file protein02.cif (mmCIF, C-alpha atoms)
data_work
#
loop_
_atom_site.label_atom_id
_atom_site.label_comp_id
_atom_site.auth_asym_id
_atom_site.auth_seq_id
_atom_site.Cartn_x
_atom_site.Cartn_y
_atom_site.Cartn_z
CA MET X 262 73.01 -9.29 -29.31
CA GLU X 263 73.24 -6.41 -31.79
CA ILE X 264 69.93 -4.64 -32.41
CA ARG X 265 69.34 -3.03 -35.80
CA ASN X 266 66.69 -0.89 -37.46
CA LEU X 267 64.69 -2.83 -40.03
CA GLY X 268 65.81 -1.01 -43.16
CA GLY X 269 64.77 2.62 -42.97
CA SER X 270 61.89 1.96 -40.57
CA GLY X 271 61.71 2.53 -36.84
CA LEU X 272 61.28 -1.17 -36.05
CA ARG X 273 64.34 -2.53 -34.25
CA VAL X 274 65.17 -6.22 -34.37
CA SER X 275 68.01 -8.53 -33.37
CA ALA X 276 70.71 -9.07 -36.01
CA VAL X 277 69.93 -12.77 -35.77
CA GLY X 278 66.32 -13.89 -35.64
CA ILE X 279 64.73 -17.28 -35.19
CA GLY X 280 62.61 -18.95 -37.84
CA CYS X 281 59.72 -20.80 -36.24
CA ASN X 282 58.85 -23.36 -38.93
CA ASN X 283 60.31 -26.16 -36.77
CA PHE X 284 57.77 -25.54 -34.00
CA GLY X 285 55.01 -28.12 -34.21
CA MET X 286 56.55 -29.78 -37.25
CA ARG X 287 60.05 -31.05 -36.47
CA ILE X 288 59.90 -30.49 -32.71
CA ASP X 289 56.95 -30.77 -30.31
CA LEU X 290 55.48 -28.27 -27.85
CA GLU X 291 57.89 -28.90 -24.99
CA ALA X 292 61.00 -28.87 -27.18
CA SER X 293 59.71 -25.69 -28.83
CA ARG X 294 59.16 -24.13 -25.40
CA LYS X 295 62.81 -24.71 -24.49
CA VAL X 296 64.10 -23.23 -27.76
CA ILE X 297 61.80 -20.19 -27.53
CA HIS X 298 62.80 -19.27 -23.98
CA LYS X 299 66.48 -19.98 -24.65
CA ALA X 300 66.37 -17.71 -27.71
CA ILE X 301 64.89 -14.84 -25.70
CA ASP X 302 67.40 -15.40 -22.90
CA LEU X 303 70.23 -15.18 -25.46
CA GLY X 304 68.99 -11.85 -26.81
CA ILE X 305 66.92 -12.79 -29.86
CA THR X 306 64.01 -10.41 -30.33
CA LEU X 307 62.87 -11.37 -33.85
CA PHE X 308 60.61 -14.42 -34.08
CA ASP X 309 59.47 -15.21 -37.62
CA THR X 310 56.59 -17.60 -38.27
CA ALA X 311 53.75 -18.01 -40.80
CA ASP X 312 50.15 -19.13 -40.69
CA ILE X 313 51.00 -22.05 -43.00
CA TYR X 314 53.82 -23.44 -40.82
CA ALA X 315 53.29 -26.80 -39.11
CA ASN X 316 50.21 -28.04 -40.89
CA MET X 317 48.31 -24.77 -41.20
CA GLY X 318 48.54 -22.97 -37.87
CA GLY X 319 50.64 -25.24 -35.68
CA SER X 320 53.64 -22.93 -35.30
CA GLU X 321 51.53 -19.87 -34.48
CA THR X 322 49.54 -21.92 -31.98
CA ILE X 323 52.70 -23.03 -30.14
CA LEU X 324 54.01 -19.46 -29.99
CA GLY X 325 50.68 -18.34 -28.58
CA GLN X 326 50.82 -21.04 -25.92
CA VAL X 327 54.45 -20.45 -24.94
CA LEU X 328 55.13 -16.71 -25.06
CA GLY X 329 52.78 -15.46 -22.36
CA ASP X 330 54.20 -12.35 -20.66
CA ARG X 331 57.33 -12.56 -22.83
CA ARG X 332 55.29 -11.52 -25.88
CA LYS X 333 56.09 -7.89 -25.06
CA ASP X 334 59.84 -8.61 -25.21
CA ILE X 335 59.94 -9.74 -28.83
CA VAL X 336 59.21 -8.62 -32.37
CA LEU X 337 56.64 -11.10 -33.64
CA ALA X 338 56.50 -11.58 -37.39
CA THR X 339 54.09 -13.80 -39.28
CA LYS X 340 52.89 -14.26 -42.85
CA TYR X 341 49.73 -14.73 -44.89
CA SER X 342 48.74 -15.59 -48.50
CA LYS X 343 49.73 -19.26 -48.89
CA ALA X 344 46.90 -21.79 -48.96
CA MET X 345 45.29 -22.36 -45.56
CA SER X 346 42.66 -24.74 -46.90
CA ASN X 347 42.76 -27.67 -49.30
CA ASP X 348 40.01 -26.29 -51.52
CA GLY X 349 41.82 -23.06 -52.43
CA THR X 350 39.32 -20.74 -50.73
CA LYS X 351 41.71 -19.43 -48.07
CA GLN X 352 44.74 -17.92 -49.75
CA GLY X 353 45.98 -14.88 -51.65
CA ALA X 354 46.18 -11.18 -50.93
CA SER X 355 42.68 -9.87 -51.50
CA ARG X 356 41.21 -7.50 -48.96
CA ARG X 357 38.61 -10.09 -47.99
CA TYR X 358 41.18 -12.77 -47.31
CA ILE X 359 43.74 -10.54 -45.57
CA MET X 360 41.13 -9.38 -43.07
CA GLU X 361 40.18 -12.99 -42.38
CA ALA X 362 43.77 -14.23 -42.20
CA VAL X 363 45.00 -11.59 -39.76
CA GLU X 364 42.20 -12.32 -37.29
CA ALA X 365 42.98 -16.03 -37.43
CA SER X 366 46.69 -15.38 -36.81
CA LEU X 367 45.93 -13.05 -33.89
CA ARG X 368 43.77 -15.73 -32.29
CA ARG X 369 46.38 -18.44 -32.68
CA LEU X 370 49.19 -16.19 -31.46
CA LYS X 371 47.08 -14.97 -28.51
CA THR X 372 48.03 -11.36 -29.10
CA ASP X 373 46.23 -8.21 -30.18
CA TYR X 374 48.90 -6.99 -32.61
CA ILE X 375 51.49 -8.34 -35.04
CA ASP X 376 54.78 -6.46 -35.29
CA LEU X 377 55.58 -7.46 -38.88
CA TYR X 378 52.90 -8.88 -41.19
CA GLN X 379 54.38 -10.31 -44.39
CA GLN X 380 52.85 -11.38 -47.68
CA HIS X 381 54.24 -14.88 -48.22
CA ASP X 382 54.14 -14.82 -52.00
CA TYR X 383 52.90 -12.59 -54.81
CA ASP X 384 49.22 -12.87 -55.71
CA PRO X 385 48.80 -12.35 -59.48
CA LEU X 386 45.01 -12.42 -59.19
CA THR X 387 44.67 -9.41 -56.87
CA PRO X 388 45.56 -5.83 -57.85
CA ILE X 389 48.49 -4.71 -55.71
CA GLU X 390 46.60 -1.50 -54.82
CA GLU X 391 43.86 -3.57 -53.16
CA THR X 392 46.48 -5.43 -51.12
CA MET X 393 48.37 -2.32 -50.06
CA ARG X 394 45.18 -0.48 -49.02
CA ALA X 395 44.10 -3.43 -46.90
CA LEU X 396 47.51 -3.59 -45.21
CA ASP X 397 47.45 0.16 -44.63
CA ASP X 398 44.08 -0.20 -42.88
CA LEU X 399 45.53 -2.90 -40.62
CA VAL X 400 48.41 -0.61 -39.65
CA ARG X 401 46.05 2.29 -38.99
CA SER X 402 43.84 0.04 -36.85
CA GLY X 403 46.81 -1.02 -34.69
CA LYS X 404 46.45 -4.72 -35.43
CA VAL X 405 49.67 -4.63 -37.45
CA ARG X 406 52.70 -2.40 -36.82
CA TYR X 407 54.73 -2.91 -40.02
CA VAL X 408 54.30 -4.86 -43.26
CA GLY X 409 56.69 -6.80 -45.46
CA CYS X 410 56.86 -9.40 -48.18
CA THR X 411 58.68 -12.57 -49.13
CA GLU X 412 59.29 -14.39 -52.41
CA PHE X 413 58.46 -11.39 -54.61
CA SER X 414 60.31 -10.62 -57.81
CA ALA X 415 62.20 -7.33 -57.80
CA TRP X 416 59.73 -5.64 -60.13
CA HIS X 417 56.78 -6.75 -58.01
CA LEU X 418 58.43 -5.27 -54.92
CA MET X 419 59.26 -2.00 -56.67
CA LYS X 420 55.73 -1.75 -58.05
CA ALA X 421 54.29 -2.18 -54.55
CA LEU X 422 56.65 0.43 -53.10
CA GLY X 423 55.91 2.92 -55.86
CA LEU X 424 52.16 2.49 -55.52
CA ALA X 425 52.31 2.85 -51.74
CA ASP X 426 54.31 6.07 -52.06
CA SER X 427 52.05 7.60 -54.71
CA ALA X 428 48.87 6.72 -52.80
CA HIS X 429 50.34 7.63 -49.36
CA LEU X 430 49.89 4.09 -48.06
CA THR X 431 52.03 2.06 -45.67
CA ARG X 432 54.94 0.61 -47.64
CA PHE X 433 56.77 -2.66 -47.21
CA ALA X 434 59.50 -2.26 -44.58
CA ALA X 435 61.08 -5.66 -45.15
CA LEU X 436 61.87 -8.24 -47.78
CA GLN X 437 62.48 -11.79 -46.56
CA SER X 438 64.37 -13.98 -49.00
CA TYR X 439 66.89 -16.78 -49.32
CA TYR X 440 70.51 -15.56 -49.08
CA SER X 441 73.63 -17.60 -48.37
CA LEU X 442 77.19 -18.19 -49.50
CA ALA X 443 75.77 -20.88 -51.77
CA GLY X 444 73.05 -18.62 -53.16
CA ARG X 445 73.92 -14.95 -53.70
CA GLU X 446 71.44 -14.18 -56.48
CA LEU X 447 69.76 -11.65 -54.18
CA GLU X 448 72.66 -9.32 -55.00
CA TYR X 449 71.64 -9.00 -58.66
CA GLU X 450 68.67 -6.70 -58.06
CA PHE X 451 67.20 -7.04 -54.57
CA VAL X 452 70.10 -5.79 -52.46
CA PRO X 453 70.61 -2.60 -54.55
CA LEU X 454 66.83 -2.08 -54.61
CA CYS X 455 66.47 -2.52 -50.84
CA LEU X 456 69.41 -0.23 -50.11
CA ASP X 457 67.96 2.42 -52.41
CA GLN X 458 64.43 2.13 -51.01
CA GLY X 459 65.21 1.64 -47.32
CA VAL X 460 63.78 -1.88 -47.19
CA GLY X 461 65.41 -4.21 -44.67
CA VAL X 462 66.49 -7.65 -45.84
CA LEU X 463 65.65 -10.63 -43.63
CA ALA X 464 67.84 -13.47 -44.90
CA TRP X 465 66.55 -16.99 -44.41
CA SER X 466 68.48 -20.27 -44.75
CA PRO X 467 71.98 -18.74 -44.41
CA LEU X 468 73.29 -22.32 -44.17
CA ALA X 469 71.68 -23.30 -47.49
CA GLY X 470 69.54 -25.94 -45.82
CA GLY X 471 72.54 -27.36 -43.96
CA PHE X 472 74.84 -27.56 -46.99
CA LEU X 473 77.29 -25.05 -45.47
CA THR X 474 77.57 -26.77 -42.09
CA GLY X 475 80.23 -29.21 -43.33
CA LYS X 476 77.91 -32.22 -43.18
CA TYR X 477 77.89 -32.55 -46.96
CA ARG X 478 80.92 -33.99 -48.74
CA PRO X 479 81.55 -34.49 -52.47
CA GLY X 480 80.97 -38.07 -53.59
CA GLN X 481 79.32 -39.06 -50.32
CA PRO X 482 75.59 -39.68 -49.64
CA ASP X 483 73.67 -36.81 -48.10
CA PRO X 484 73.30 -36.97 -44.31
CA PRO X 485 69.85 -38.00 -43.00
CA ASN X 486 67.32 -35.77 -41.26
CA THR X 487 68.56 -32.41 -42.54
CA ARG X 488 66.41 -29.50 -43.63
CA ARG X 489 67.77 -29.89 -47.15
CA ARG X 490 66.66 -33.53 -47.31
CA ASN X 491 63.33 -33.04 -45.52
CA MET X 492 62.17 -29.76 -47.08
CA GLY X 493 64.02 -29.57 -50.38
CA ASP X 494 66.74 -27.26 -51.63
CA PRO X 495 66.24 -23.55 -50.86
CA GLY X 496 68.11 -22.87 -54.10
CA THR X 497 70.10 -24.66 -56.78
CA ILE X 498 73.73 -25.05 -55.76
CA ASP X 499 76.64 -25.16 -58.16
CA GLN X 500 78.38 -28.20 -56.71
CA ALA X 501 81.96 -27.29 -57.70
CA ARG X 502 81.67 -23.72 -56.42
CA GLY X 503 79.71 -24.87 -53.38
CA TYR X 504 82.34 -27.34 -52.20
CA ALA X 505 85.14 -24.87 -52.94
CA THR X 506 83.27 -22.37 -50.75
CA ILE X 507 82.95 -24.92 -47.95
CA GLU X 508 86.71 -25.51 -48.08
CA VAL X 509 87.45 -21.81 -47.54
CA LEU X 510 84.65 -21.49 -44.99
CA GLU X 511 86.02 -24.37 -42.92
CA ALA X 512 89.56 -22.98 -43.12
CA ILE X 513 88.39 -19.63 -41.74
CA ALA X 514 86.32 -21.36 -39.07
CA ALA X 515 89.32 -23.47 -38.00
CA GLU X 516 91.54 -20.37 -37.82
CA ARG X 517 88.99 -18.73 -35.50
CA GLY X 518 88.10 -21.83 -33.52
CA VAL X 519 84.41 -21.65 -34.42
CA SER X 520 82.00 -23.84 -36.38
CA ALA X 521 81.52 -23.54 -40.14
CA ALA X 522 77.87 -22.72 -39.43
CA GLN X 523 78.88 -19.70 -37.34
CA ALA X 524 81.14 -18.41 -40.10
CA ALA X 525 78.43 -18.85 -42.75
CA ILE X 526 75.85 -17.00 -40.63
CA ASN X 527 78.40 -14.30 -39.84
CA TYR X 528 79.06 -13.76 -43.56
CA VAL X 529 75.40 -13.07 -44.37
CA ARG X 530 74.96 -10.91 -41.26
CA GLY X 531 77.79 -8.68 -42.50
CA LYS X 532 76.49 -8.16 -46.03
CA PRO X 533 75.11 -4.75 -47.12
CA GLY X 534 71.36 -4.34 -46.72
CA VAL X 535 70.88 -7.31 -44.40
CA THR X 536 69.08 -6.37 -41.19
CA SER X 537 68.71 -9.81 -39.68
CA VAL X 538 69.64 -13.41 -40.44
CA VAL X 539 66.79 -15.83 -39.73
CA ILE X 540 68.01 -19.19 -38.44
CA GLY X 541 66.21 -22.35 -37.45
CA ALA X 542 67.02 -24.52 -34.44
CA ARG X 543 65.76 -27.89 -33.21
CA ASN X 544 67.39 -27.76 -29.78
CA GLU X 545 69.09 -25.41 -27.33
CA ASP X 546 72.65 -26.52 -28.15
CA GLN X 547 72.23 -25.93 -31.87
CA LEU X 548 70.67 -22.54 -31.15
CA ALA X 549 73.51 -21.50 -28.84
CA ASP X 550 76.20 -22.44 -31.37
CA ASP X 551 74.48 -20.61 -34.25
CA LEU X 552 73.86 -17.54 -32.10
CA ALA X 553 77.52 -17.33 -31.17
CA ALA X 554 77.97 -15.95 -34.70
CA ALA X 555 76.50 -12.69 -33.42
CA GLN X 556 79.34 -12.24 -30.93
CA TRP X 557 82.13 -11.68 -33.46
CA SER X 558 82.62 -10.45 -37.04
CA LEU X 559 84.56 -11.65 -40.02
CA SER X 560 87.45 -9.41 -41.01
CA ALA X 561 87.44 -7.55 -44.33
CA ASP X 562 90.03 -10.03 -45.62
CA GLU X 563 87.91 -13.02 -44.59
CA MET X 564 84.82 -11.50 -46.20
CA ASP X 565 86.84 -10.92 -49.36
CA ARG X 566 88.06 -14.52 -49.45
CA LEU X 567 84.50 -15.78 -49.12
CA ASP X 568 83.21 -13.25 -51.66
CA LYS X 569 85.68 -14.43 -54.27
CA VAL X 570 85.24 -18.16 -53.86
CA SER X 571 81.43 -18.00 -53.78
CA GLN X 572 80.88 -15.42 -56.54
CA ALA X 573 79.05 -16.78 -59.56
CA PRO X 574 79.65 -15.23 -63.00
CA LEU X 575 77.06 -12.50 -63.41
CA PRO X 576 74.56 -13.14 -66.23
CA TYR X 577 73.41 -10.47 -68.65
CA PRO X 578 72.63 -7.65 -67.93
CA TYR X 579 74.17 -7.77 -64.45
CA TRP X 580 77.77 -8.22 -65.57
CA ASN X 581 78.03 -4.43 -65.79
CA GLN X 582 77.76 -4.36 -61.98
CA GLN X 583 81.24 -5.86 -61.76
CA ARG X 584 82.58 -2.36 -62.41
CA PHE X 585 81.32 -1.37 -58.99
CA ASN X 586 82.33 -2.65 -55.58
CA THR X 587 79.23 -2.23 -53.44
CA ASP X 588 80.24 -4.70 -50.71
CA ARG X 589 82.07 -2.10 -48.65
CA MET X 590 79.78 0.85 -49.42
CA SER X 591 77.80 2.55 -46.72
CA TRP X 592 74.04 2.89 -47.15
CA PRO X 593 74.15 6.46 -48.57
CA GLU X 594 76.91 5.54 -51.05
CA ALA X 595 75.12 2.44 -52.30
CA ALA X 596 71.75 4.18 -52.43
CA VAL X 597 72.95 6.84 -54.86
CA MET X 598 74.94 4.47 -57.07
CA ARG X 599 73.63 4.46 -60.64
#

call {"tool": "encode", "arguments": {"input": "protein02.cif", "output": "structure tokens"}}
result
Amino acid sequence: MEIRNLGGSGLRVSAVGIGCNNFGMRIDLEASRKVIHKAIDLGITLFDTADIYANMGGSETILGQVLGDRRKDIVLATKYSKAMSNDGTKQGASRRYIMEAVEASLRRLKTDYIDLYQQHDYDPLTPIEETMRALDDLVRSGKVRYVGCTEFSAWHLMKALGLADSAHLTRFAALQSYYSLAGRELEYEFVPLCLDQGVGVLAWSPLAGGFLTGKYRPGQPDPPNTRRRNMGDPGTIDQARGYATIEVLEAIAAERGVSAAQAAINYVRGKPGVTSVVIGARNEDQLADDLAAAQWSLSADEMDRLDKVSQAPLPYPYWNQQRFNTDRMSWPEAAVMR
């Protein structure tokens, strides 16, 4: 398994990580135990969960029960800010709530530190300076090693980074967001921003909720028991472009003798700015197949074919970016592009 630095930070994570929202929700303790140990055995170091997963705490609790001595072998990431009570009293990014939330996560995870603590969504009611100072205190105390965010807008992320720099506070090292062949909107602003600012991208749902696995066919009913059916669409998919993308994806997969899922994961793993691709798995076989994507790389020609078929027309004002080809740029080249 390839190990990468998380953006410009010193935190090193596997190029493919495992999302833990299945644990305690779609699979029970014993099935989760098998997937967790198999993932570590196969070289995954990044485990990404959240306090809200599995009915408010279930996923963190399972990780705490299962990891034991193997806790030291992984990078454990969790999240705060979404509602952890039905009355709205336990949520957000205020200093008061962050200090409460981190202690609760540490107890459930049975650990004394969190490698990556991520704000799950933007809190419009709390000044960002209050949030960043609280997170900085957690890093200084040793309870948290690095901080990140998910589901921010680009201007919210840039505001947080600018404030952290000006006030000499710990800055976000990671952005976790949806990114797939069926949803490349992250390239409008976030990828250039993250390259410029040294923020690592953690891409979730690289299979677009199962849409890119080949299970979905035009004119046919959706398959049962998929993430897309059970949890909703991670993003709106242009059906015509989506099925055209699947056709090219499956052709490339057939040429290589791999699954369409592997090729889709491989595509996102090879995109500029992406540190790790976060996948979900319900069993060991599914995990092993998806992880095989880390053992090979798409060629430049294959990436180009997938780029072209999946590219949506850029809306204003992003159409000007078509003058630049950032896909093959190195970090320093992309970071200085204006």

call {"tool": "atom_distance", "arguments": {"input": "protein02.cif", "atom1": "atom CA of Thr497 of chain X", "atom2": "atom CA of Gly475 of chain X"}}
result
17.4 Å

call {"tool": "resolve_selection", "arguments": {"input": "protein02.cif", "expression": "the PyMOL selection byres ((chain X and resi 342) around 12)", "output": "ChimeraX atom specification"}}
result
/X:311-313,317,339-341,343-346,349-363,366,378-387,392,410-412

call {"tool": "residues_around", "arguments": {"input": "protein02.cif", "residues": "Ile526 of chain X", "least_positions_apart": "4", "cutoff": "12 Å", "atoms": "all atoms listed in the file", "output": "ChimeraX atom specification"}}
result
/X:276-278,440-443,464-469,471,473-474,510,514,519-522,530-532,535,537-541,550-559,564

call {"tool": "residues_around", "arguments": {"input": "protein02.cif", "residues": "segment 264-267 of chain X", "least_positions_apart": "2", "cutoff": "6 Å", "atoms": "all atoms listed in the file", "output": "tab-separated table (two decimals) with C-alpha atoms, in the coordinates of the input"}}
result
chain	number	residue	atom	x	y	z
X	270	SER	CA	61.89	1.96	-40.57
X	272	LEU	CA	61.28	-1.17	-36.05
X	273	ARG	CA	64.34	-2.53	-34.25
X	274	VAL	CA	65.17	-6.22	-34.37
X	275	SER	CA	68.01	-8.53	-33.37
X	276	ALA	CA	70.71	-9.07	-36.01
X	461	GLY	CA	65.41	-4.21	-44.67
X	536	THR	CA	69.08	-6.37	-41.19

call {"tool": "atom_distance", "arguments": {"input": "protein02.cif", "atom1": "atom CA of Gly304 of chain X", "atom2": "atom CA of Gly470 of chain X"}}
result
23.7 Å

call {"tool": "decode", "arguments": {"input": "protein02.cif", "residues": "segment 422-450 of chain X", "atoms": "N, CA and C atoms", "output": "PDB file, in the first residue's frame"}}
result
ATOM      1  N   LEU X 422      -8.464  28.966   6.869  1.00  0.00           N
ATOM      2  CA  LEU X 422      -7.015  28.875   6.687  1.00  0.00           C
ATOM      3  C   LEU X 422      -6.355  30.237   6.886  1.00  0.00           C
ATOM      4  N   GLY X 423      -6.954  31.274   6.328  1.00  0.00           N
ATOM      5  CA  GLY X 423      -6.389  32.613   6.468  1.00  0.00           C
ATOM      6  C   GLY X 423      -6.369  33.078   7.907  1.00  0.00           C
ATOM      7  N   LEU X 424      -7.459  32.806   8.623  1.00  0.00           N
ATOM      8  CA  LEU X 424      -7.521  33.207  10.031  1.00  0.00           C
ATOM      9  C   LEU X 424      -6.487  32.441  10.848  1.00  0.00           C
ATOM     10  N   ALA X 425      -6.379  31.136  10.606  1.00  0.00           N
ATOM     11  CA  ALA X 425      -5.400  30.340  11.349  1.00  0.00           C
ATOM     12  C   ALA X 425      -3.988  30.856  11.117  1.00  0.00           C
ATOM     13  N   ASP X 426      -3.668  31.203   9.879  1.00  0.00           N
ATOM     14  CA  ASP X 426      -2.328  31.710   9.571  1.00  0.00           C
ATOM     15  C   ASP X 426      -2.072  33.057  10.254  1.00  0.00           C
ATOM     16  N   SER X 427      -3.052  33.948  10.191  1.00  0.00           N
ATOM     17  CA  SER X 427      -2.840  35.292  10.748  1.00  0.00           C
ATOM     18  C   SER X 427      -2.760  35.261  12.269  1.00  0.00           C
ATOM     19  N   ALA X 428      -3.463  34.320  12.895  1.00  0.00           N
ATOM     20  CA  ALA X 428      -3.478  34.237  14.361  1.00  0.00           C
ATOM     21  C   ALA X 428      -2.495  33.188  14.890  1.00  0.00           C
ATOM     22  N   HIS X 429      -1.715  32.566  13.990  1.00  0.00           N
ATOM     23  CA  HIS X 429      -0.727  31.546  14.363  1.00  0.00           C
ATOM     24  C   HIS X 429      -1.387  30.368  15.089  1.00  0.00           C
ATOM     25  N   LEU X 430      -2.504  29.908  14.510  1.00  0.00           N
ATOM     26  CA  LEU X 430      -3.224  28.771  15.057  1.00  0.00           C
ATOM     27  C   LEU X 430      -3.046  27.556  14.146  1.00  0.00           C
ATOM     28  N   THR X 431      -3.330  26.382  14.673  1.00  0.00           N
ATOM     29  CA  THR X 431      -3.285  25.165  13.862  1.00  0.00           C
ATOM     30  C   THR X 431      -4.285  25.284  12.726  1.00  0.00           C
ATOM     31  N   ARG X 432      -3.839  25.001  11.506  1.00  0.00           N
ATOM     32  CA  ARG X 432      -4.717  25.128  10.340  1.00  0.00           C
ATOM     33  C   ARG X 432      -5.243  23.754   9.924  1.00  0.00           C
ATOM     34  N   PHE X 433      -6.292  23.761   9.140  1.00  0.00           N
ATOM     35  CA  PHE X 433      -6.831  22.512   8.612  1.00  0.00           C
ATOM     36  C   PHE X 433      -5.801  21.861   7.695  1.00  0.00           C
ATOM     37  N   ALA X 434      -5.520  20.589   7.950  1.00  0.00           N
ATOM     38  CA  ALA X 434      -4.577  19.836   7.118  1.00  0.00           C
ATOM     39  C   ALA X 434      -5.282  19.051   6.033  1.00  0.00           C
ATOM     40  N   ALA X 435      -6.609  18.891   6.169  1.00  0.00           N
ATOM     41  CA  ALA X 435      -7.333  18.034   5.235  1.00  0.00           C
ATOM     42  C   ALA X 435      -8.723  18.569   4.959  1.00  0.00           C
ATOM     43  N   LEU X 436      -9.169  18.328   3.742  1.00  0.00           N
ATOM     44  CA  LEU X 436     -10.560  18.526   3.352  1.00  0.00           C
ATOM     45  C   LEU X 436     -11.099  17.173   2.905  1.00  0.00           C
ATOM     46  N   GLN X 437     -12.198  16.740   3.498  1.00  0.00           N
ATOM     47  CA  GLN X 437     -12.838  15.507   3.041  1.00  0.00           C
ATOM     48  C   GLN X 437     -14.111  15.876   2.286  1.00  0.00           C
ATOM     49  N   SER X 438     -14.226  15.366   1.056  1.00  0.00           N
ATOM     50  CA  SER X 438     -15.368  15.739   0.241  1.00  0.00           C
ATOM     51  C   SER X 438     -15.664  14.655  -0.790  1.00  0.00           C
ATOM     52  N   TYR X 439     -16.858  14.707  -1.334  1.00  0.00           N
ATOM     53  CA  TYR X 439     -17.267  13.776  -2.382  1.00  0.00           C
ATOM     54  C   TYR X 439     -16.520  14.081  -3.677  1.00  0.00           C
ATOM     55  N   TYR X 440     -15.990  13.014  -4.310  1.00  0.00           N
ATOM     56  CA  TYR X 440     -15.225  13.176  -5.555  1.00  0.00           C
ATOM     57  C   TYR X 440     -15.270  11.851  -6.290  1.00  0.00           C
ATOM     58  N   SER X 441     -15.782  11.850  -7.503  1.00  0.00           N
ATOM     59  CA  SER X 441     -15.846  10.619  -8.292  1.00  0.00           C
ATOM     60  C   SER X 441     -15.909  10.982  -9.772  1.00  0.00           C
ATOM     61  N   LEU X 442     -15.826   9.971 -10.610  1.00  0.00           N
ATOM     62  CA  LEU X 442     -15.993  10.168 -12.046  1.00  0.00           C
ATOM     63  C   LEU X 442     -17.368  10.716 -12.388  1.00  0.00           C
ATOM     64  N   ALA X 443     -18.337  10.461 -11.521  1.00  0.00           N
ATOM     65  CA  ALA X 443     -19.691  10.968 -11.758  1.00  0.00           C
ATOM     66  C   ALA X 443     -19.935  12.303 -11.072  1.00  0.00           C
ATOM     67  N   GLY X 444     -18.961  12.793 -10.339  1.00  0.00           N
ATOM     68  CA  GLY X 444     -19.109  14.062  -9.630  1.00  0.00           C
ATOM     69  C   GLY X 444     -17.765  14.736  -9.452  1.00  0.00           C
ATOM     70  N   ARG X 445     -17.365  15.573 -10.434  1.00  0.00           N
ATOM     71  CA  ARG X 445     -16.038  16.182 -10.424  1.00  0.00           C
ATOM     72  C   ARG X 445     -16.075  17.673 -10.082  1.00  0.00           C
ATOM     73  N   GLU X 446     -17.172  18.114  -9.461  1.00  0.00           N
ATOM     74  CA  GLU X 446     -17.304  19.530  -9.134  1.00  0.00           C
ATOM     75  C   GLU X 446     -16.213  20.034  -8.194  1.00  0.00           C
ATOM     76  N   LEU X 447     -15.583  19.129  -7.472  1.00  0.00           N
ATOM     77  CA  LEU X 447     -14.502  19.526  -6.562  1.00  0.00           C
ATOM     78  C   LEU X 447     -13.376  20.235  -7.316  1.00  0.00           C
ATOM     79  N   GLU X 448     -13.267  19.974  -8.615  1.00  0.00           N
ATOM     80  CA  GLU X 448     -12.192  20.557  -9.416  1.00  0.00           C
ATOM     81  C   GLU X 448     -12.404  22.034  -9.725  1.00  0.00           C
ATOM     82  N   TYR X 449     -13.638  22.536  -9.531  1.00  0.00           N
ATOM     83  CA  TYR X 449     -13.899  23.945  -9.835  1.00  0.00           C
ATOM     84  C   TYR X 449     -13.038  24.860  -8.967  1.00  0.00           C
ATOM     85  N   GLU X 450     -13.120  24.669  -7.652  1.00  0.00           N
ATOM     86  CA  GLU X 450     -12.402  25.547  -6.726  1.00  0.00           C
ATOM     87  C   GLU X 450     -11.553  24.780  -5.717  1.00  0.00           C
TER      88      GLU X 450
END
